[in-house]
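Notes follow the structure.
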Amino acid sequence: MDPYIYTESRSSGRTELLIIDEADRLKTTGLEQVRDYFDRHNMGVILIGMPGIEKRFARYPQLYSRIGFAHEYKPLTPDELTAVLSNRLPAGNVADDGGIGHATAIATIIRMTGGNFRLVDRLVTQIERIQKLNKLDGLTPEVVDAARQALLIGH
């Protein structure tokens, strides 16, 4: 009995997933272990890596033959990023400026990150930390700048 398999999932209609981030850093032995694990278990495998990972996997026909598709995530568009940021960093109590500070802060984040979701997530996490530590309700360009400096973004 494999302790890593939830036996009731087979009859539930659900698919278990093994998700491997930074799969491009796996050596040949690690890739072979992933292929072997996939072959022996009834589960899906998602390999996440840097652009070009599929070209590297093409050199391993035993693994490559099992890959269903490759998808490259593009940076978020300004509209997509605005929707994400507005949800994660709501305007809250609109300051005396009628929300201009919040809108400017959102625009600054978009410009600063270029739509890179990982960078957006790191920056927003730092913004939330600064807001909490300083008991700030609103989002301002100054808070964004403080978060940027803490993460060394754009230097």
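Chain labels run A, B, ... following the order of the structure tokens; each chain numbers its residues from 1, and ligands are numbered from 1 in the order shown.
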Margin query: as a ChimeraX atom specification, please: every residue in region 8-119 of chain A that DSSP puts in strand (DSSP E or B).
Written below: /A:16-20,43-47
Would you list the contacts of region 61-66 of chain A as a PyMOL selection string, taking every protein, DNA or RNA residue within 10 Å and counting only C-alpha atoms, but skipping same-chain residues closer than 2 positions in sequence? chain A and resi 31-36+38-39+45+54-59+68-69
Could those selected residues go to a file with N, CA and C atoms, as an mmCIF file, in the first residue's frame?
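result-v2.cif, freshly written:
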```cif
data_model
loop_
_atom_site.group_PDB
_atom_site.id
_atom_site.type_symbol
_atom_site.label_atom_id
_atom_site.label_comp_id
_atom_site.auth_asym_id
_atom_site.auth_seq_id
_atom_site.Cartn_x
_atom_site.Cartn_y
_atom_site.Cartn_z
ATOM 1 N N LEU A 31 13.982 13.452 -13.020
ATOM 2 C CA LEU A 31 12.979 13.357 -14.086
ATOM 3 C C LEU A 31 12.550 11.910 -14.287
ATOM 4 N N GLU A 32 13.496 10.990 -14.210
ATOM 5 C CA GLU A 32 13.167 9.576 -14.354
ATOM 6 C C GLU A 32 12.285 9.104 -13.208
ATOM 7 N N GLN A 33 12.516 9.600 -12.006
ATOM 8 C CA GLN A 33 11.673 9.235 -10.867
ATOM 9 C C GLN A 33 10.250 9.762 -11.050
ATOM 10 N N VAL A 34 10.121 10.980 -11.568
ATOM 11 C CA VAL A 34 8.788 11.536 -11.831
ATOM 12 C C VAL A 34 8.062 10.678 -12.858
ATOM 13 N N ARG A 35 8.761 10.297 -13.931
ATOM 14 C CA ARG A 35 8.154 9.455 -14.964
ATOM 15 C C ARG A 35 7.725 8.108 -14.389
ATOM 16 N N ASP A 36 8.579 7.509 -13.587
ATOM 17 C CA ASP A 36 8.259 6.221 -12.980
ATOM 18 C C ASP A 36 7.062 6.338 -12.036
ATOM 19 N N PHE A 38 4.661 8.551 -12.159
ATOM 20 C CA PHE A 38 3.480 8.748 -13.007
ATOM 21 C C PHE A 38 2.988 7.406 -13.559
ATOM 22 N N ASP A 39 3.916 6.578 -14.011
ATOM 23 C CA ASP A 39 3.544 5.288 -14.589
ATOM 24 C C ASP A 39 2.898 4.358 -13.559
ATOM 25 N N VAL A 45 0.244 14.792 -13.313
ATOM 26 C CA VAL A 45 1.476 15.460 -12.909
ATOM 27 C C VAL A 45 1.551 16.792 -13.644
ATOM 28 N N GLU A 54 9.991 22.679 -21.981
ATOM 29 C CA GLU A 54 9.510 21.616 -22.854
ATOM 30 C C GLU A 54 10.588 21.180 -23.840
ATOM 31 N N LYS A 55 11.478 22.089 -24.234
ATOM 32 C CA LYS A 55 12.574 21.727 -25.139
ATOM 33 C C LYS A 55 13.544 20.779 -24.444
ATOM 34 N N ARG A 56 13.773 21.029 -23.161
ATOM 35 C CA ARG A 56 14.661 20.146 -22.394
ATOM 36 C C ARG A 56 14.031 18.767 -22.253
ATOM 37 N N PHE A 57 12.733 18.721 -21.974
ATOM 38 C CA PHE A 57 12.050 17.444 -21.799
ATOM 39 C C PHE A 57 12.017 16.647 -23.099
ATOM 40 N N ALA A 58 12.082 17.330 -24.250
ATOM 41 C CA ALA A 58 12.060 16.640 -25.542
ATOM 42 C C ALA A 58 13.273 15.726 -25.701
ATOM 43 N N ARG A 59 14.329 15.989 -24.942
ATOM 44 C CA ARG A 59 15.529 15.142 -24.995
ATOM 45 C C ARG A 59 15.355 13.827 -24.243
ATOM 46 N N GLY A 68 1.112 15.808 -21.973
ATOM 47 C CA GLY A 68 -0.105 16.089 -22.734
ATOM 48 C C GLY A 68 -0.041 17.413 -23.471
ATOM 49 N N PHE A 69 0.428 18.448 -22.805
ATOM 50 C CA PHE A 69 0.535 19.761 -23.435
ATOM 51 C C PHE A 69 1.442 20.645 -22.584
#
```
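Within the 12 Å cut-off around Ile100 (chain A), using only C-alpha atoms and omitting residues fewer than 3 positions from it on the same chain, the listed residues are A:Ala91, A:Val94, A:Ala95, A:Asp96, A:Asp97, A:Ala103, A:Thr104, A:Ala105, A:Ile106, A:Ala107, A:Gly138, A:Leu139, A:Thr140, A:Pro141.
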Selection export as a compact mmCIF listing (two decimals), in the first residue's frame, atoms kept: all heavy atoms:
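So the final result, stored in part_26.txt, reads:
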```txt
# COMPACT_ATOMS: atom_id res chain seq x y z
N ALA A 91 -10.02 49.46 -2.06
CA ALA A 91 -9.82 50.89 -1.75
C ALA A 91 -10.09 51.20 -0.29
O ALA A 91 -9.49 52.11 0.27
CB ALA A 91 -10.71 51.74 -2.65
N VAL A 94 -12.13 55.63 1.32
CA VAL A 94 -11.54 56.54 0.34
C VAL A 94 -11.10 57.81 1.06
O VAL A 94 -11.86 58.43 1.80
CB VAL A 94 -12.54 56.86 -0.79
CG1 VAL A 94 -11.95 57.85 -1.76
CG2 VAL A 94 -12.94 55.59 -1.51
N ALA A 95 -9.86 58.16 0.86
CA ALA A 95 -9.29 59.33 1.54
C ALA A 95 -9.86 60.62 0.95
O ALA A 95 -10.71 60.60 0.05
CB ALA A 95 -7.78 59.31 1.38
N ASP A 96 -9.39 61.71 1.45
CA ASP A 96 -9.84 63.03 1.00
C ASP A 96 -9.58 63.28 -0.49
O ASP A 96 -10.16 64.18 -1.08
CB ASP A 96 -9.15 64.13 1.81
CG ASP A 96 -9.55 64.10 3.28
OD1 ASP A 96 -10.65 63.59 3.58
OD2 ASP A 96 -8.77 64.58 4.11
N ASP A 97 -8.71 62.47 -1.07
CA ASP A 97 -8.35 62.69 -2.47
C ASP A 97 -9.32 62.03 -3.46
O ASP A 97 -9.10 62.04 -4.66
CB ASP A 97 -6.93 62.19 -2.74
CG ASP A 97 -6.78 60.68 -2.59
OD1 ASP A 97 -7.78 60.00 -2.27
OD2 ASP A 97 -5.66 60.19 -2.80
N ALA A 103 -5.74 54.72 -6.81
CA ALA A 103 -5.59 54.48 -8.25
C ALA A 103 -4.14 54.66 -8.69
O ALA A 103 -3.62 53.89 -9.50
CB ALA A 103 -6.51 55.41 -9.03
N THR A 104 -3.47 55.67 -8.14
CA THR A 104 -2.06 55.91 -8.47
C THR A 104 -1.20 54.76 -7.98
O THR A 104 -0.27 54.32 -8.66
CB THR A 104 -1.59 57.25 -7.86
OG1 THR A 104 -2.42 58.29 -8.34
CG2 THR A 104 -0.14 57.53 -8.20
N ALA A 105 -1.50 54.26 -6.78
CA ALA A 105 -0.75 53.13 -6.23
C ALA A 105 -0.92 51.89 -7.09
O ALA A 105 0.05 51.18 -7.38
CB ALA A 105 -1.19 52.86 -4.80
N ILE A 106 -2.14 51.62 -7.55
CA ILE A 106 -2.40 50.48 -8.42
C ILE A 106 -1.62 50.64 -9.73
O ILE A 106 -0.96 49.70 -10.19
CB ILE A 106 -3.91 50.32 -8.72
CG1 ILE A 106 -4.70 50.01 -7.45
CG2 ILE A 106 -4.17 49.28 -9.82
CD1 ILE A 106 -4.55 48.62 -6.91
N ALA A 107 -1.65 51.82 -10.31
CA ALA A 107 -0.91 52.08 -11.55
C ALA A 107 0.59 51.91 -11.35
O ALA A 107 1.29 51.39 -12.23
CB ALA A 107 -1.22 53.49 -12.06
N GLY A 138 -5.64 52.38 4.02
CA GLY A 138 -5.64 52.63 2.58
C GLY A 138 -4.33 52.29 1.91
O GLY A 138 -3.30 52.11 2.54
N LEU A 139 -4.41 52.21 0.59
CA LEU A 139 -3.24 51.97 -0.24
C LEU A 139 -2.80 53.29 -0.84
O LEU A 139 -3.60 54.00 -1.45
CB LEU A 139 -3.59 50.98 -1.36
CG LEU A 139 -2.49 50.66 -2.35
CD1 LEU A 139 -1.33 49.95 -1.66
CD2 LEU A 139 -3.04 49.81 -3.48
N THR A 140 -1.56 53.62 -0.65
CA THR A 140 -1.02 54.88 -1.18
C THR A 140 0.26 54.59 -1.96
O THR A 140 0.90 53.55 -1.75
CB THR A 140 -0.69 55.86 -0.04
OG1 THR A 140 0.37 55.31 0.75
CG2 THR A 140 -1.90 56.15 0.83
N PRO A 141 0.65 55.51 -2.82
CA PRO A 141 1.93 55.35 -3.53
C PRO A 141 3.11 55.23 -2.56
O PRO A 141 4.09 54.53 -2.85
CB PRO A 141 2.02 56.62 -4.38
CG PRO A 141 0.61 57.03 -4.59
CD PRO A 141 -0.10 56.67 -3.32
```
| Skipping near chain neighbours, those fewer than 5 positions away, what residues fall within 7 Å of Gly115 (chain A) using only C-alpha atoms, listed as number ranges by chain? | A: 75-77, 81, 110
Please produce a file of those selected residues containing N, CA and C atoms, as a compact mmCIF listing (two decimals), in the first residue's frame.
```txt
# COMPACT_ATOMS: atom_id res chain seq x y z
N PRO A 75 2.65 37.45 -19.10
CA PRO A 75 2.40 38.44 -18.04
C PRO A 75 0.95 38.92 -18.10
N LEU A 76 0.41 39.27 -16.96
CA LEU A 76 -0.95 39.79 -16.91
C LEU A 76 -1.03 41.13 -17.63
N THR A 77 -2.15 41.35 -18.30
CA THR A 77 -2.36 42.65 -18.95
C THR A 77 -2.69 43.67 -17.86
N LEU A 81 -4.43 42.76 -14.31
CA LEU A 81 -3.72 43.09 -13.08
C LEU A 81 -4.52 44.05 -12.22
N ILE A 110 1.39 48.19 -11.30
CA ILE A 110 1.33 47.66 -12.67
C ILE A 110 2.60 48.01 -13.44
```
Using only C-alpha atoms, the residue out of A:Met43, A:Val144, A:Ile48, A:Ala70 with shortest distance to Ile20 (chain A) is A:Ile48
Exercise for review: Identify, with DSSP run on backbone atoms, the residues in chain A assigned to alpha helix (DSSP H), and express the list as a ChimeraX atom specification.
Suggested key: /A:9-12,28-40,53-57,61-64,78-88,100-113,117-133,141-151
Worksheet item: Of the candidates A:Leu47, A:Met112, A:Arg88, A:Lys135, which shows the shortest atom-to-atom distance to Arg148 (chain A), using only C-alpha atoms?
Response: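 When distances to Arg148 (chain A) are compared using only C-alpha atoms, the smallest one comes from A:Met112.
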- request: Write out as a list in words the residues lying within 8 Å of Leu151 (chain A), counting only C-alpha atoms and excluding same-chain residues fewer than 4 positions away.
  value: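 My list of contacting residues is Leu123, Gln126 and Ala147 of chain A.
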Emit the selected residues as a PDB file, in the first residue's frame, including N, CA, C and O atoms.
```pdb
ATOM      1  N   LEU A 123       5.202  41.622  -3.981  1.00  0.00           N
ATOM      2  CA  LEU A 123       5.028  43.035  -3.656  1.00  0.00           C
ATOM      3  C   LEU A 123       3.763  43.267  -2.837  1.00  0.00           C
ATOM      4  O   LEU A 123       3.785  43.994  -1.836  1.00  0.00           O
ATOM      5  N   GLN A 126       4.165  42.193   0.722  1.00  0.00           N
ATOM      6  CA  GLN A 126       4.950  43.185   1.464  1.00  0.00           C
ATOM      7  C   GLN A 126       4.106  44.422   1.773  1.00  0.00           C
ATOM      8  O   GLN A 126       4.196  44.989   2.860  1.00  0.00           O
ATOM      9  N   ALA A 147       7.257  49.242   0.105  1.00  0.00           N
ATOM     10  CA  ALA A 147       7.300  47.805  -0.183  1.00  0.00           C
ATOM     11  C   ALA A 147       8.334  47.518  -1.262  1.00  0.00           C
ATOM     12  O   ALA A 147       9.090  46.538  -1.175  1.00  0.00           O
TER      13      ALA A 147
END
```
12 Å contact set for Glu22 (chain A), only C-alpha atoms, chain neighbours under 3 positions out, as a PDB file with N, CA, C and O atoms, in the first residue's frame:
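Listing of part_5.pdb after writing:
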```
ATOM      1  N   ILE A  19       2.196  18.180  -8.174  1.00  0.00           N
ATOM      2  CA  ILE A  19       2.633  19.440  -8.782  1.00  0.00           C
ATOM      3  C   ILE A  19       4.077  19.686  -8.378  1.00  0.00           C
ATOM      4  O   ILE A  19       4.400  19.727  -7.190  1.00  0.00           O
ATOM      5  N   ARG A  25      14.833  22.469 -12.799  1.00  0.00           N
ATOM      6  CA  ARG A  25      16.040  22.264 -11.996  1.00  0.00           C
ATOM      7  C   ARG A  25      16.293  20.793 -11.679  1.00  0.00           C
ATOM      8  O   ARG A  25      17.332  20.449 -11.124  1.00  0.00           O
ATOM      9  N   LEU A  26      15.350  19.918 -12.041  1.00  0.00           N
ATOM     10  CA  LEU A  26      15.528  18.485 -11.788  1.00  0.00           C
ATOM     11  C   LEU A  26      16.619  17.914 -12.684  1.00  0.00           C
ATOM     12  O   LEU A  26      16.699  18.231 -13.868  1.00  0.00           O
ATOM     13  N   LYS A  27      17.422  17.058 -12.115  1.00  0.00           N
ATOM     14  CA  LYS A  27      18.443  16.345 -12.883  1.00  0.00           C
ATOM     15  C   LYS A  27      17.768  15.159 -13.578  1.00  0.00           C
ATOM     16  O   LYS A  27      16.603  14.838 -13.332  1.00  0.00           O
ATOM     17  N   GLY A  30      16.047  12.684 -11.278  1.00  0.00           N
ATOM     18  CA  GLY A  30      14.781  13.192 -10.746  1.00  0.00           C
ATOM     19  C   GLY A  30      13.668  13.116 -11.768  1.00  0.00           C
ATOM     20  O   GLY A  30      12.528  12.745 -11.446  1.00  0.00           O
ATOM     21  N   LEU A  31      13.982  13.452 -13.020  1.00  0.00           N
ATOM     22  CA  LEU A  31      12.979  13.357 -14.086  1.00  0.00           C
ATOM     23  C   LEU A  31      12.550  11.910 -14.287  1.00  0.00           C
ATOM     24  O   LEU A  31      11.363  11.625 -14.501  1.00  0.00           O
ATOM     25  N   ILE A  46       1.819  17.843 -12.886  1.00  0.00           N
ATOM     26  CA  ILE A  46       2.025  19.170 -13.461  1.00  0.00           C
ATOM     27  C   ILE A  46       3.456  19.573 -13.168  1.00  0.00           C
ATOM     28  O   ILE A  46       3.872  19.597 -12.005  1.00  0.00           O
ATOM     29  N   LEU A  47       4.190  19.857 -14.225  1.00  0.00           N
ATOM     30  CA  LEU A  47       5.573  20.303 -14.087  1.00  0.00           C
ATOM     31  C   LEU A  47       5.622  21.789 -14.413  1.00  0.00           C
ATOM     32  O   LEU A  47       5.221  22.199 -15.503  1.00  0.00           O
ATOM     33  N   ILE A  48       6.106  22.580 -13.479  1.00  0.00           N
ATOM     34  CA  ILE A  48       6.176  24.027 -13.658  1.00  0.00           C
ATOM     35  C   ILE A  48       7.641  24.411 -13.746  1.00  0.00           C
ATOM     36  O   ILE A  48       8.459  23.975 -12.930  1.00  0.00           O
ATOM     37  N   GLY A  49       7.973  25.234 -14.722  1.00  0.00           N
ATOM     38  CA  GLY A  49       9.360  25.645 -14.875  1.00  0.00           C
ATOM     39  C   GLY A  49       9.483  26.881 -15.737  1.00  0.00           C
ATOM     40  O   GLY A  49       8.495  27.459 -16.188  1.00  0.00           O
ATOM     41  N   MET A  50      10.698  27.232 -15.964  1.00  0.00           N
ATOM     42  CA  MET A  50      11.004  28.420 -16.747  1.00  0.00           C
ATOM     43  C   MET A  50      10.703  28.172 -18.229  1.00  0.00           C
ATOM     44  O   MET A  50      10.631  27.016 -18.663  1.00  0.00           O
ATOM     45  N   PRO A  51      10.532  29.254 -19.008  1.00  0.00           N
ATOM     46  CA  PRO A  51      10.296  29.078 -20.440  1.00  0.00           C
ATOM     47  C   PRO A  51      11.384  28.213 -21.067  1.00  0.00           C
ATOM     48  O   PRO A  51      12.563  28.318 -20.717  1.00  0.00           O
ATOM     49  N   ILE A  53      11.315  24.865 -20.890  1.00  0.00           N
ATOM     50  CA  ILE A  53      11.391  23.580 -20.189  1.00  0.00           C
ATOM     51  C   ILE A  53      10.972  22.430 -21.104  1.00  0.00           C
ATOM     52  O   ILE A  53      11.547  21.343 -21.047  1.00  0.00           O
TER      53      ILE A  53
END
```
